[in-house]
Amino acid sequence: MNTLHWIEKEKLIAIIRGYNTEEALEIAKSLYAGGITTLEIALNSQQPFHTIEKIRKEMGDAIKVGAGTVLDPESARLAISAGAQFILSPTVNIPTIKLTKRYGVVSIPGALTPTEILDAFEEGADIIKVFPISSLRSNYIKDLLGPLPQLKLLPTGGVTLENIKLFIQQGATGVGLGGSLVHQTNSVTNDYLSELTKKAKLFVQEANTID
């Protein structure tokens with residue numbers, strides 16, 4: 001299954017930010033145990049390219065791994081060289097979209113307004129990350145898809161267990177999960193990892209239980 005279809009099927013992208021490679025690998029394994037199989041390694045983490053490479057090597061085809069917080073085409077190229085299967089950005093950077101697509105990798109830039117979102121789509125983005133979703137009204141995804149049903153939207157930045165089902169019901173392709181799932185800690189203990197698996201299971205259940 002190609003990466004775009006994988007993301008559409010699995011719906012959830014877990015964001016791992018700020019951890020070193022060994023911590024991120026343990027977090028990735030715990031998320032996988034909870035049913036989450038699509039991971040974003042934020043580039044404002046410790047050795048993010050090494051982390052992407054390590055997780056790809058250790059976990060193989062069981063997961064998809066992308067790079068997040070990608071601000072420029074050079075960072076995108078380095079991430080793709082490390083094995084990133086999709087590229088996420090907080091903004092619309094057209095050179096980054098173009099380079100990502102040149103390498104045949106899924107492009108997910110971040111945008112907020114209808115104009116920004118449509119511009120990203122017309123420049124070749126596969127999915128548009130609607131960010132930060134917490135600053136918008138709850139039916140924003142539905143409102144966008146009314147006149148623009150061709151868009152694939154990924155609300156991020158404020159998705160919780162309480163609202164994830166709403167976004168999926170409104171037609172979102174998936175969601176990005178940050179601190180509501182992988183919250184920051186100074187110590188990646190067994191208890192932390194066990195709790196992470198439990199939370200992952202709850203998010204998977206909510207995303208796949210649509211009324």
# chains A, B, ... in the order shown; residues from 1 in each chain; ligands from 1
$ residues_around --residues "region 193-201 of chain A" --least-positions-apart "6" --cutoff "8 Å" --atoms "only C-alpha atoms" --output "CSV table (one decimal) with all heavy atoms, in the first residue's frame"
chain,number,residue,atom,x,y,z
A,26,GLU,N,11.5,3.8,21.3
A,26,GLU,CA,10.6,3.2,22.3
A,26,GLU,C,9.2,3.8,22.3
A,26,GLU,O,8.3,3.0,22.4
A,26,GLU,CB,11.2,3.4,23.7
A,26,GLU,CG,12.5,2.7,24.0
A,26,GLU,CD,12.4,1.2,23.7
A,26,GLU,OE1,11.4,0.6,24.2
A,26,GLU,OE2,13.2,0.6,22.9
A,27,ILE,N,9.1,5.1,22.0
A,27,ILE,CA,7.8,5.7,21.9
A,27,ILE,C,7.1,5.1,20.7
A,27,ILE,O,5.9,4.8,20.7
A,27,ILE,CB,7.9,7.2,21.8
A,27,ILE,CG1,8.3,7.8,23.2
A,27,ILE,CG2,6.6,7.8,21.3
A,27,ILE,CD1,8.7,9.2,23.2
A,30,SER,N,5.7,1.7,21.4
A,30,SER,CA,4.6,1.8,22.3
A,30,SER,C,3.3,2.2,21.5
A,30,SER,O,2.2,1.7,21.7
A,30,SER,CB,4.9,2.7,23.4
A,30,SER,OG,5.9,2.2,24.2
A,31,LEU,N,3.5,3.2,20.6
A,31,LEU,CA,2.4,3.6,19.8
A,31,LEU,C,1.9,2.5,18.9
A,31,LEU,O,0.7,2.3,18.7
A,31,LEU,CB,2.8,4.9,19.0
A,31,LEU,CG,3.0,6.1,19.8
A,31,LEU,CD1,3.7,7.2,18.9
A,31,LEU,CD2,1.7,6.7,20.3
A,32,TYR,N,2.8,1.8,18.3
A,32,TYR,CA,2.5,0.7,17.4
A,32,TYR,C,1.7,-0.4,18.2
A,32,TYR,O,0.7,-0.9,17.7
A,32,TYR,CB,3.7,0.1,16.8
A,32,TYR,CG,3.5,-1.1,15.9
A,32,TYR,CD1,2.9,-0.9,14.6
A,32,TYR,CD2,3.7,-2.4,16.3
A,32,TYR,CE1,2.7,-2.0,13.8
A,32,TYR,CE2,3.5,-3.5,15.5
A,32,TYR,CZ,3.0,-3.3,14.2
A,32,TYR,OH,2.7,-4.3,13.4
A,33,ALA,N,2.1,-0.6,19.5
A,33,ALA,CA,1.4,-1.6,20.3
A,33,ALA,C,0.0,-1.2,20.6
A,33,ALA,O,-0.9,-2.0,20.8
A,33,ALA,CB,2.1,-1.8,21.6
A,34,GLY,N,-0.3,0.1,20.5
A,34,GLY,CA,-1.6,0.7,20.7
A,34,GLY,C,-2.4,0.8,19.4
A,34,GLY,O,-3.5,1.3,19.4
A,35,GLY,N,-1.8,0.4,18.3
A,35,GLY,CA,-2.5,0.5,17.0
A,35,GLY,C,-2.2,1.6,16.1
A,35,GLY,O,-2.8,1.7,15.0
A,36,ILE,N,-1.3,2.5,16.5
A,36,ILE,CA,-0.9,3.7,15.6
A,36,ILE,C,0.3,3.3,14.8
A,36,ILE,O,1.3,3.0,15.3
A,36,ILE,CB,-0.7,4.9,16.5
A,36,ILE,CG1,-2.1,5.4,17.1
A,36,ILE,CG2,-0.1,6.0,15.6
A,36,ILE,CD1,-2.0,6.6,17.9
A,181,LEU,N,-1.5,13.2,22.8
A,181,LEU,CA,-1.1,11.8,22.8
A,181,LEU,C,0.3,11.6,23.3
A,181,LEU,O,0.5,11.0,24.4
A,181,LEU,CB,-1.2,11.2,21.4
A,181,LEU,CG,-0.7,9.7,21.2
A,181,LEU,CD1,-1.5,8.8,22.1
A,181,LEU,CD2,-0.8,9.3,19.8
A,182,VAL,N,1.3,12.1,22.6
A,182,VAL,CA,2.7,12.0,23.1
A,182,VAL,C,3.1,13.3,23.8
A,182,VAL,O,3.6,14.2,23.2
A,182,VAL,CB,3.6,11.8,21.8
A,182,VAL,CG1,5.0,11.5,22.3
A,182,VAL,CG2,3.1,10.6,21.0
$ residues_around --residues "Gln150 (chain A)" --least-positions-apart "5" --cutoff "10 Å" --atoms "only C-alpha atoms" --output "compact mmCIF listing (two decimals) with C-alpha atoms, in the first residue's frame"
# COMPACT_ATOMS: atom_id res chain seq x y z
CA LEU A 118 -6.33 25.85 -2.01
CA PHE A 121 -3.43 21.94 -3.17
CA LEU A 145 -15.18 20.64 2.20
$ residues_around --residues "Asn20 (chain A)" --least-positions-apart "4" --cutoff "10 Å" --atoms "only C-alpha atoms" --output "PDB file with N, CA and C atoms, in the first residue's frame"
ATOM      1  N   ILE A  16       6.009  12.877  17.205  1.00  0.00           N
ATOM      2  CA  ILE A  16       7.049  12.650  18.218  1.00  0.00           C
ATOM      3  C   ILE A  16       8.028  13.816  18.113  1.00  0.00           C
ATOM      4  N   ALA A  24      12.728   8.013  21.103  1.00  0.00           N
ATOM      5  CA  ALA A  24      11.726   8.039  20.028  1.00  0.00           C
ATOM      6  C   ALA A  24      11.406   6.626  19.540  1.00  0.00           C
ATOM      7  N   LEU A  25      12.405   5.774  19.474  1.00  0.00           N
ATOM      8  CA  LEU A  25      12.166   4.394  19.044  1.00  0.00           C
ATOM      9  C   LEU A  25      11.264   3.665  20.034  1.00  0.00           C
ATOM     10  N   SER A  45      13.840  18.133  16.896  1.00  0.00           N
ATOM     11  CA  SER A  45      14.143  17.101  17.879  1.00  0.00           C
ATOM     12  C   SER A  45      15.637  16.818  17.808  1.00  0.00           C
ATOM     13  N   GLN A  46      16.116  15.967  18.712  1.00  0.00           N
ATOM     14  CA  GLN A  46      17.524  15.594  18.712  1.00  0.00           C
ATOM     15  C   GLN A  46      17.794  14.567  17.603  1.00  0.00           C
ATOM     16  N   GLN A  47      18.727  14.853  16.735  1.00  0.00           N
ATOM     17  CA  GLN A  47      19.142  13.943  15.649  1.00  0.00           C
ATOM     18  C   GLN A  47      17.934  13.363  14.888  1.00  0.00           C
ATOM     19  N   PRO A  48      17.073  14.220  14.365  1.00  0.00           N
ATOM     20  CA  PRO A  48      15.839  13.713  13.749  1.00  0.00           C
ATOM     21  C   PRO A  48      16.073  12.818  12.537  1.00  0.00           C
ATOM     22  N   HIS A  50      18.645  10.826  11.949  1.00  0.00           N
ATOM     23  CA  HIS A  50      19.076   9.524  12.464  1.00  0.00           C
ATOM     24  C   HIS A  50      17.895   8.764  13.050  1.00  0.00           C
ATOM     25  N   THR A  51      17.002   9.482  13.717  1.00  0.00           N
ATOM     26  CA  THR A  51      15.823   8.852  14.310  1.00  0.00           C
ATOM     27  C   THR A  51      14.927   8.249  13.234  1.00  0.00           C
TER      28      THR A  51
END
$ residues_around --residues "region 130-137 of chain A" --least-positions-apart "3" --cutoff "9 Å" --atoms "only C-alpha atoms" --output "number ranges by chain"
A: 90-91, 109-113, 117, 140-141, 153-159
$ write_last_selection --atoms "N, CA and C atoms" --output "compact mmCIF listing (two decimals), in the first residue's frame"
# COMPACT_ATOMS: atom_id res chain seq x y z
N PRO A 90 4.59 23.31 8.86
CA PRO A 90 3.58 24.14 9.52
C PRO A 90 3.02 25.23 8.62
N THR A 91 3.67 25.47 7.47
CA THR A 91 3.26 26.53 6.56
C THR A 91 3.31 26.03 5.12
N PRO A 109 1.78 20.11 3.56
CA PRO A 109 2.05 21.44 4.13
C PRO A 109 0.92 21.88 5.04
N GLY A 110 1.25 22.85 5.91
CA GLY A 110 0.25 23.38 6.82
C GLY A 110 -0.32 24.70 6.33
N ALA A 111 -1.63 24.87 6.46
CA ALA A 111 -2.30 26.10 6.04
C ALA A 111 -3.51 26.32 6.93
N LEU A 112 -4.06 27.53 6.87
CA LEU A 112 -5.17 27.85 7.76
C LEU A 112 -6.39 28.40 7.01
N THR A 113 -6.17 29.37 6.13
CA THR A 113 -7.30 30.00 5.44
C THR A 113 -7.67 29.22 4.19
N ILE A 117 -5.03 27.12 1.81
CA ILE A 117 -5.26 25.68 1.64
C ILE A 117 -5.39 25.34 0.16
N TYR A 140 -15.21 23.79 11.03
CA TYR A 140 -14.40 24.41 9.98
C TYR A 140 -14.08 23.42 8.86
N ILE A 141 -13.76 22.18 9.21
CA ILE A 141 -13.44 21.18 8.19
C ILE A 141 -14.65 20.95 7.28
N LEU A 153 -7.85 16.86 3.97
CA LEU A 153 -7.50 17.74 5.08
C LEU A 153 -7.10 16.96 6.33
N LEU A 154 -6.09 17.47 7.03
CA LEU A 154 -5.54 16.82 8.22
C LEU A 154 -5.51 17.83 9.37
N PRO A 155 -6.61 17.99 10.11
CA PRO A 155 -6.58 18.92 11.25
C PRO A 155 -5.52 18.50 12.27
N THR A 156 -4.77 19.49 12.74
CA THR A 156 -3.65 19.26 13.66
C THR A 156 -3.54 20.47 14.58
N GLY A 157 -3.04 20.21 15.80
CA GLY A 157 -2.84 21.31 16.73
C GLY A 157 -4.09 21.59 17.54
N GLY A 158 -4.47 20.61 18.37
CA GLY A 158 -5.67 20.77 19.16
C GLY A 158 -6.64 19.60 19.03
N VAL A 159 -6.21 18.50 18.41
CA VAL A 159 -7.06 17.32 18.29
C VAL A 159 -6.94 16.51 19.59
$ closest_residue --among "A:Val65, A:Leu99, A:Val188, A:Ile168" --to "Tyr19 (chain A)" --atoms "only C-alpha atoms"
A:Val188
$ residues_around --residues "Ala207 (chain A)" --least-positions-apart "2" --cutoff "10 Å" --atoms "only C-alpha atoms" --output "JSON, numbers by chain"
{"A": [10, 11, 12, 161, 163, 164, 165, 166, 167, 168, 169, 174, 175, 201, 202, 203, 204, 205, 209, 210]}
$ atom_distance --atom1 "CA of Asp72 (chain A)" --atom2 "CA of Thr96 (chain A)"
5.5 Å
$ residues_around --residues "Ile55 (chain A)" --least-positions-apart "2" --cutoff "12 Å" --atoms "only C-alpha atoms" --output "PDB file with N, CA, C and O atoms, in the first residue's frame"
ATOM      1  N   ILE A  16       6.009  12.877  17.205  1.00  0.00           N
ATOM      2  CA  ILE A  16       7.049  12.650  18.218  1.00  0.00           C
ATOM      3  C   ILE A  16       8.028  13.816  18.113  1.00  0.00           C
ATOM      4  O   ILE A  16       8.715  13.965  17.110  1.00  0.00           O
ATOM      5  N   ASN A  20      15.311  12.051  21.916  1.00  0.00           N
ATOM      6  CA  ASN A  20      16.463  11.510  21.200  1.00  0.00           C
ATOM      7  C   ASN A  20      16.075  10.224  20.493  1.00  0.00           C
ATOM      8  O   ASN A  20      14.951   9.723  20.623  1.00  0.00           O
ATOM      9  N   THR A  21      17.008   9.663  19.755  1.00  0.00           N
ATOM     10  CA  THR A  21      16.684   8.530  18.888  1.00  0.00           C
ATOM     11  C   THR A  21      16.182   7.330  19.670  1.00  0.00           C
ATOM     12  O   THR A  21      15.167   6.711  19.304  1.00  0.00           O
ATOM     13  N   GLU A  22      16.857   6.958  20.736  1.00  0.00           N
ATOM     14  CA  GLU A  22      16.454   5.766  21.496  1.00  0.00           C
ATOM     15  C   GLU A  22      15.104   5.965  22.169  1.00  0.00           C
ATOM     16  O   GLU A  22      14.274   5.050  22.197  1.00  0.00           O
ATOM     17  N   GLU A  23      14.865   7.152  22.697  1.00  0.00           N
ATOM     18  CA  GLU A  23      13.559   7.449  23.295  1.00  0.00           C
ATOM     19  C   GLU A  23      12.460   7.407  22.243  1.00  0.00           C
ATOM     20  O   GLU A  23      11.386   6.826  22.469  1.00  0.00           O
ATOM     21  N   ALA A  24      12.728   8.013  21.103  1.00  0.00           N
ATOM     22  CA  ALA A  24      11.726   8.039  20.028  1.00  0.00           C
ATOM     23  C   ALA A  24      11.406   6.626  19.540  1.00  0.00           C
ATOM     24  O   ALA A  24      10.246   6.328  19.221  1.00  0.00           O
ATOM     25  N   LEU A  25      12.405   5.774  19.474  1.00  0.00           N
ATOM     26  CA  LEU A  25      12.166   4.394  19.044  1.00  0.00           C
ATOM     27  C   LEU A  25      11.264   3.665  20.034  1.00  0.00           C
ATOM     28  O   LEU A  25      10.337   2.943  19.624  1.00  0.00           O
ATOM     29  N   GLU A  26      11.504   3.843  21.316  1.00  0.00           N
ATOM     30  CA  GLU A  26      10.646   3.205  22.327  1.00  0.00           C
ATOM     31  C   GLU A  26       9.229   3.761  22.266  1.00  0.00           C
ATOM     32  O   GLU A  26       8.250   3.015  22.407  1.00  0.00           O
ATOM     33  N   ILE A  27       9.103   5.057  22.032  1.00  0.00           N
ATOM     34  CA  ILE A  27       7.783   5.669  21.887  1.00  0.00           C
ATOM     35  C   ILE A  27       7.078   5.113  20.654  1.00  0.00           C
ATOM     36  O   ILE A  27       5.892   4.777  20.700  1.00  0.00           O
ATOM     37  N   ALA A  28       7.815   4.974  19.552  1.00  0.00           N
ATOM     38  CA  ALA A  28       7.236   4.428  18.325  1.00  0.00           C
ATOM     39  C   ALA A  28       6.715   3.012  18.551  1.00  0.00           C
ATOM     40  O   ALA A  28       5.618   2.661  18.093  1.00  0.00           O
ATOM     41  N   LYS A  29       7.471   2.200  19.264  1.00  0.00           N
ATOM     42  CA  LYS A  29       7.047   0.818  19.538  1.00  0.00           C
ATOM     43  C   LYS A  29       5.804   0.796  20.424  1.00  0.00           C
ATOM     44  O   LYS A  29       4.902  -0.032  20.225  1.00  0.00           O
ATOM     45  N   TYR A  32       2.823   1.794  18.320  1.00  0.00           N
ATOM     46  CA  TYR A  32       2.470   0.671  17.442  1.00  0.00           C
ATOM     47  C   TYR A  32       1.688  -0.387  18.220  1.00  0.00           C
ATOM     48  O   TYR A  32       0.707  -0.950  17.709  1.00  0.00           O
ATOM     49  N   THR A  37       0.156   3.438  13.483  1.00  0.00           N
ATOM     50  CA  THR A  37       1.194   2.956  12.574  1.00  0.00           C
ATOM     51  C   THR A  37       1.768   4.036  11.669  1.00  0.00           C
ATOM     52  O   THR A  37       2.508   3.730  10.738  1.00  0.00           O
ATOM     53  N   THR A  38       1.435   5.302  11.941  1.00  0.00           N
ATOM     54  CA  THR A  38       1.951   6.409  11.131  1.00  0.00           C
ATOM     55  C   THR A  38       2.547   7.444  12.078  1.00  0.00           C
ATOM     56  O   THR A  38       1.848   7.971  12.943  1.00  0.00           O
ATOM     57  N   LEU A  39       3.839   7.728  11.904  1.00  0.00           N
ATOM     58  CA  LEU A  39       4.575   8.539  12.857  1.00  0.00           C
ATOM     59  C   LEU A  39       5.250   9.710  12.172  1.00  0.00           C
ATOM     60  O   LEU A  39       5.820   9.572  11.094  1.00  0.00           O
ATOM     61  N   GLU A  40       5.208  10.859  12.812  1.00  0.00           N
ATOM     62  CA  GLU A  40       5.933  12.042  12.359  1.00  0.00           C
ATOM     63  C   GLU A  40       7.061  12.329  13.342  1.00  0.00           C
ATOM     64  O   GLU A  40       6.816  12.467  14.543  1.00  0.00           O
ATOM     65  N   ILE A  41       8.279  12.425  12.848  1.00  0.00           N
ATOM     66  CA  ILE A  41       9.412  12.845  13.662  1.00  0.00           C
ATOM     67  C   ILE A  41       9.673  14.316  13.368  1.00  0.00           C
ATOM     68  O   ILE A  41      10.057  14.677  12.251  1.00  0.00           O
ATOM     69  N   PRO A  48      17.073  14.220  14.365  1.00  0.00           N
ATOM     70  CA  PRO A  48      15.839  13.713  13.749  1.00  0.00           C
ATOM     71  C   PRO A  48      16.073  12.818  12.537  1.00  0.00           C
ATOM     72  O   PRO A  48      15.331  11.842  12.343  1.00  0.00           O
ATOM     73  N   PHE A  49      17.083  13.110  11.733  1.00  0.00           N
ATOM     74  CA  PHE A  49      17.324  12.289  10.542  1.00  0.00           C
ATOM     75  C   PHE A  49      17.782  10.886  10.942  1.00  0.00           C
ATOM     76  O   PHE A  49      17.358   9.886  10.354  1.00  0.00           O
ATOM     77  N   HIS A  50      18.645  10.826  11.949  1.00  0.00           N
ATOM     78  CA  HIS A  50      19.076   9.524  12.464  1.00  0.00           C
ATOM     79  C   HIS A  50      17.895   8.764  13.050  1.00  0.00           C
ATOM     80  O   HIS A  50      17.776   7.538  12.892  1.00  0.00           O
ATOM     81  N   THR A  51      17.002   9.482  13.717  1.00  0.00           N
ATOM     82  CA  THR A  51      15.823   8.852  14.310  1.00  0.00           C
ATOM     83  C   THR A  51      14.927   8.249  13.234  1.00  0.00           C
ATOM     84  O   THR A  51      14.450   7.109  13.369  1.00  0.00           O
ATOM     85  N   ILE A  52      14.685   8.990  12.170  1.00  0.00           N
ATOM     86  CA  ILE A  52      13.875   8.471  11.061  1.00  0.00           C
ATOM     87  C   ILE A  52      14.503   7.194  10.499  1.00  0.00           C
ATOM     88  O   ILE A  52      13.827   6.175  10.296  1.00  0.00           O
ATOM     89  N   GLU A  53      15.799   7.261  10.254  1.00  0.00           N
ATOM     90  CA  GLU A  53      16.511   6.106   9.697  1.00  0.00           C
ATOM     91  C   GLU A  53      16.436   4.904  10.635  1.00  0.00           C
ATOM     92  O   GLU A  53      16.196   3.769  10.199  1.00  0.00           O
ATOM     93  N   LYS A  57      14.494   1.300  10.002  1.00  0.00           N
ATOM     94  CA  LYS A  57      15.278   0.065  10.024  1.00  0.00           C
ATOM     95  C   LYS A  57      14.725  -0.933  11.032  1.00  0.00           C
ATOM     96  O   LYS A  57      14.596  -2.128  10.738  1.00  0.00           O
ATOM     97  N   GLU A  58      14.376  -0.454  12.214  1.00  0.00           N
ATOM     98  CA  GLU A  58      13.933  -1.343  13.295  1.00  0.00           C
ATOM     99  C   GLU A  58      12.512  -1.872  13.069  1.00  0.00           C
ATOM    100  O   GLU A  58      12.213  -3.016  13.407  1.00  0.00           O
ATOM    101  N   MET A  59      11.621  -1.042  12.512  1.00  0.00           N
ATOM    102  CA  MET A  59      10.212  -1.403  12.447  1.00  0.00           C
ATOM    103  C   MET A  59       9.734  -1.757  11.048  1.00  0.00           C
ATOM    104  O   MET A  59       8.633  -2.281  10.881  1.00  0.00           O
ATOM    105  N   GLY A  60      10.554  -1.476  10.048  1.00  0.00           N
ATOM    106  CA  GLY A  60      10.280  -1.948   8.695  1.00  0.00           C
ATOM    107  C   GLY A  60       8.958  -1.489   8.121  1.00  0.00           C
ATOM    108  O   GLY A  60       8.515  -0.351   8.329  1.00  0.00           O
ATOM    109  N   ASP A  61       8.291  -2.396   7.419  1.00  0.00           N
ATOM    110  CA  ASP A  61       7.068  -2.056   6.696  1.00  0.00           C
ATOM    111  C   ASP A  61       5.827  -2.013   7.584  1.00  0.00           C
ATOM    112  O   ASP A  61       4.734  -1.761   7.093  1.00  0.00           O
ATOM    113  N   ALA A  62       6.009  -2.249   8.886  1.00  0.00           N
ATOM    114  CA  ALA A  62       4.863  -2.233   9.789  1.00  0.00           C
ATOM    115  C   ALA A  62       4.328  -0.829  10.004  1.00  0.00           C
ATOM    116  O   ALA A  62       3.188  -0.652  10.442  1.00  0.00           O
ATOM    117  N   ILE A  63       5.148   0.181   9.705  1.00  0.00           N
ATOM    118  CA  ILE A  63       4.760   1.558   9.939  1.00  0.00           C
ATOM    119  C   ILE A  63       5.163   2.436   8.762  1.00  0.00           C
ATOM    120  O   ILE A  63       5.914   2.016   7.879  1.00  0.00           O
ATOM    121  N   LYS A  64       4.656   3.653   8.775  1.00  0.00           N
ATOM    122  CA  LYS A  64       5.118   4.708   7.877  1.00  0.00           C
ATOM    123  C   LYS A  64       5.700   5.827   8.746  1.00  0.00           C
ATOM    124  O   LYS A  64       5.126   6.177   9.780  1.00  0.00           O
ATOM    125  N   VAL A  65       6.828   6.366   8.332  1.00  0.00           N
ATOM    126  CA  VAL A  65       7.514   7.399   9.107  1.00  0.00           C
ATOM    127  C   VAL A  65       7.727   8.626   8.230  1.00  0.00           C
ATOM    128  O   VAL A  65       8.228   8.519   7.108  1.00  0.00           O
ATOM    129  N   GLY A  66       7.340   9.782   8.757  1.00  0.00           N
ATOM    130  CA  GLY A  66       7.549  11.024   8.037  1.00  0.00           C
ATOM    131  C   GLY A  66       8.322  12.020   8.870  1.00  0.00           C
ATOM    132  O   GLY A  66       8.584  11.791  10.055  1.00  0.00           O
ATOM    133  N   ALA A  67       8.698  13.122   8.247  1.00  0.00           N
ATOM    134  CA  ALA A  67       9.376  14.216   8.929  1.00  0.00           C
ATOM    135  C   ALA A  67       8.416  15.383   9.073  1.00  0.00           C
ATOM    136  O   ALA A  67       7.679  15.706   8.136  1.00  0.00           O
ATOM    137  N   ALA A  82      17.008  10.204   4.535  1.00  0.00           N
ATOM    138  CA  ALA A  82      17.037   9.373   5.737  1.00  0.00           C
ATOM    139  C   ALA A  82      15.934   8.321   5.745  1.00  0.00           C
ATOM    140  O   ALA A  82      15.929   7.433   6.604  1.00  0.00           O
ATOM    141  N   GLY A  83      14.983   8.437   4.812  1.00  0.00           N
ATOM    142  CA  GLY A  83      13.917   7.448   4.720  1.00  0.00           C
ATOM    143  C   GLY A  83      12.523   7.963   4.980  1.00  0.00           C
ATOM    144  O   GLY A  83      11.571   7.175   5.034  1.00  0.00           O
ATOM    145  N   ALA A  84      12.362   9.277   5.142  1.00  0.00           N
ATOM    146  CA  ALA A  84      11.027   9.831   5.391  1.00  0.00           C
ATOM    147  C   ALA A  84      10.093   9.526   4.227  1.00  0.00           C
ATOM    148  O   ALA A  84      10.439   9.742   3.070  1.00  0.00           O
ATOM    149  N   GLN A  85       8.897   9.046   4.554  1.00  0.00           N
ATOM    150  CA  GLN A  85       7.914   8.662   3.540  1.00  0.00           C
ATOM    151  C   GLN A  85       6.846   9.732   3.311  1.00  0.00           C
ATOM    152  O   GLN A  85       6.049   9.612   2.388  1.00  0.00           O
TER     153      GLN A  85
END
$ select_by_dssp --residues "region 135-196 of chain A" --states "alpha helix (DSSP H)" --output "PyMOL selection string"
chain A and resi 140-145+164-169+190-196
$ write_last_selection --atoms "N, CA and C atoms" --output "short mmCIF file (atom, residue, chain, number, x, y, z; two decimals), in the first residue's frame"
data_model
loop_
_atom_site.label_atom_id
_atom_site.label_comp_id
_atom_site.auth_asym_id
_atom_site.auth_seq_id
_atom_site.Cartn_x
_atom_site.Cartn_y
_atom_site.Cartn_z
N TYR A 140 -15.21 23.79 11.03
CA TYR A 140 -14.40 24.41 9.98
C TYR A 140 -14.08 23.42 8.86
N ILE A 141 -13.76 22.18 9.21
CA ILE A 141 -13.44 21.18 8.19
C ILE A 141 -14.65 20.95 7.28
N LYS A 142 -15.81 20.80 7.87
CA LYS A 142 -17.03 20.61 7.10
C LYS A 142 -17.29 21.80 6.19
N ASP A 143 -17.09 23.01 6.73
CA ASP A 143 -17.32 24.23 5.94
C ASP A 143 -16.38 24.30 4.74
N LEU A 144 -15.13 23.90 4.91
CA LEU A 144 -14.17 23.92 3.81
C LEU A 144 -14.53 22.90 2.72
N LEU A 145 -14.92 21.71 3.16
CA LEU A 145 -15.18 20.64 2.20
C LEU A 145 -16.49 20.82 1.45
N ILE A 164 -11.87 14.21 18.26
CA ILE A 164 -11.34 13.51 17.08
C ILE A 164 -12.45 12.93 16.22
N LYS A 165 -13.45 12.37 16.85
CA LYS A 165 -14.53 11.76 16.07
C LYS A 165 -15.26 12.80 15.23
N LEU A 166 -15.42 14.00 15.78
CA LEU A 166 -16.09 15.07 15.05
C LEU A 166 -15.35 15.39 13.76
N PHE A 167 -14.02 15.50 13.82
CA PHE A 167 -13.25 15.83 12.62
C PHE A 167 -13.36 14.72 11.56
N ILE A 168 -13.32 13.49 11.99
CA ILE A 168 -13.44 12.37 11.04
C ILE A 168 -14.84 12.36 10.42
N GLN A 169 -15.85 12.60 11.24
CA GLN A 169 -17.23 12.63 10.73
C GLN A 169 -17.43 13.75 9.72
N ASN A 190 8.98 2.98 31.79
CA ASN A 190 8.05 1.91 31.40
C ASN A 190 6.61 2.32 31.65
N ASP A 191 6.38 3.04 32.76
CA ASP A 191 5.03 3.51 33.06
C ASP A 191 4.54 4.49 32.00
N TYR A 192 5.42 5.39 31.59
CA TYR A 192 5.06 6.36 30.55
C TYR A 192 4.71 5.63 29.25
N LEU A 193 5.52 4.66 28.88
CA LEU A 193 5.30 3.92 27.63
C LEU A 193 4.01 3.11 27.69
N SER A 194 3.74 2.52 28.84
CA SER A 194 2.51 1.75 29.01
C SER A 194 1.28 2.65 28.89
N GLU A 195 1.36 3.84 29.49
CA GLU A 195 0.26 4.79 29.41
C GLU A 195 0.07 5.26 27.97
N LEU A 196 1.17 5.41 27.25
CA LEU A 196 1.12 5.83 25.85
C LEU A 196 0.37 4.80 25.00
#
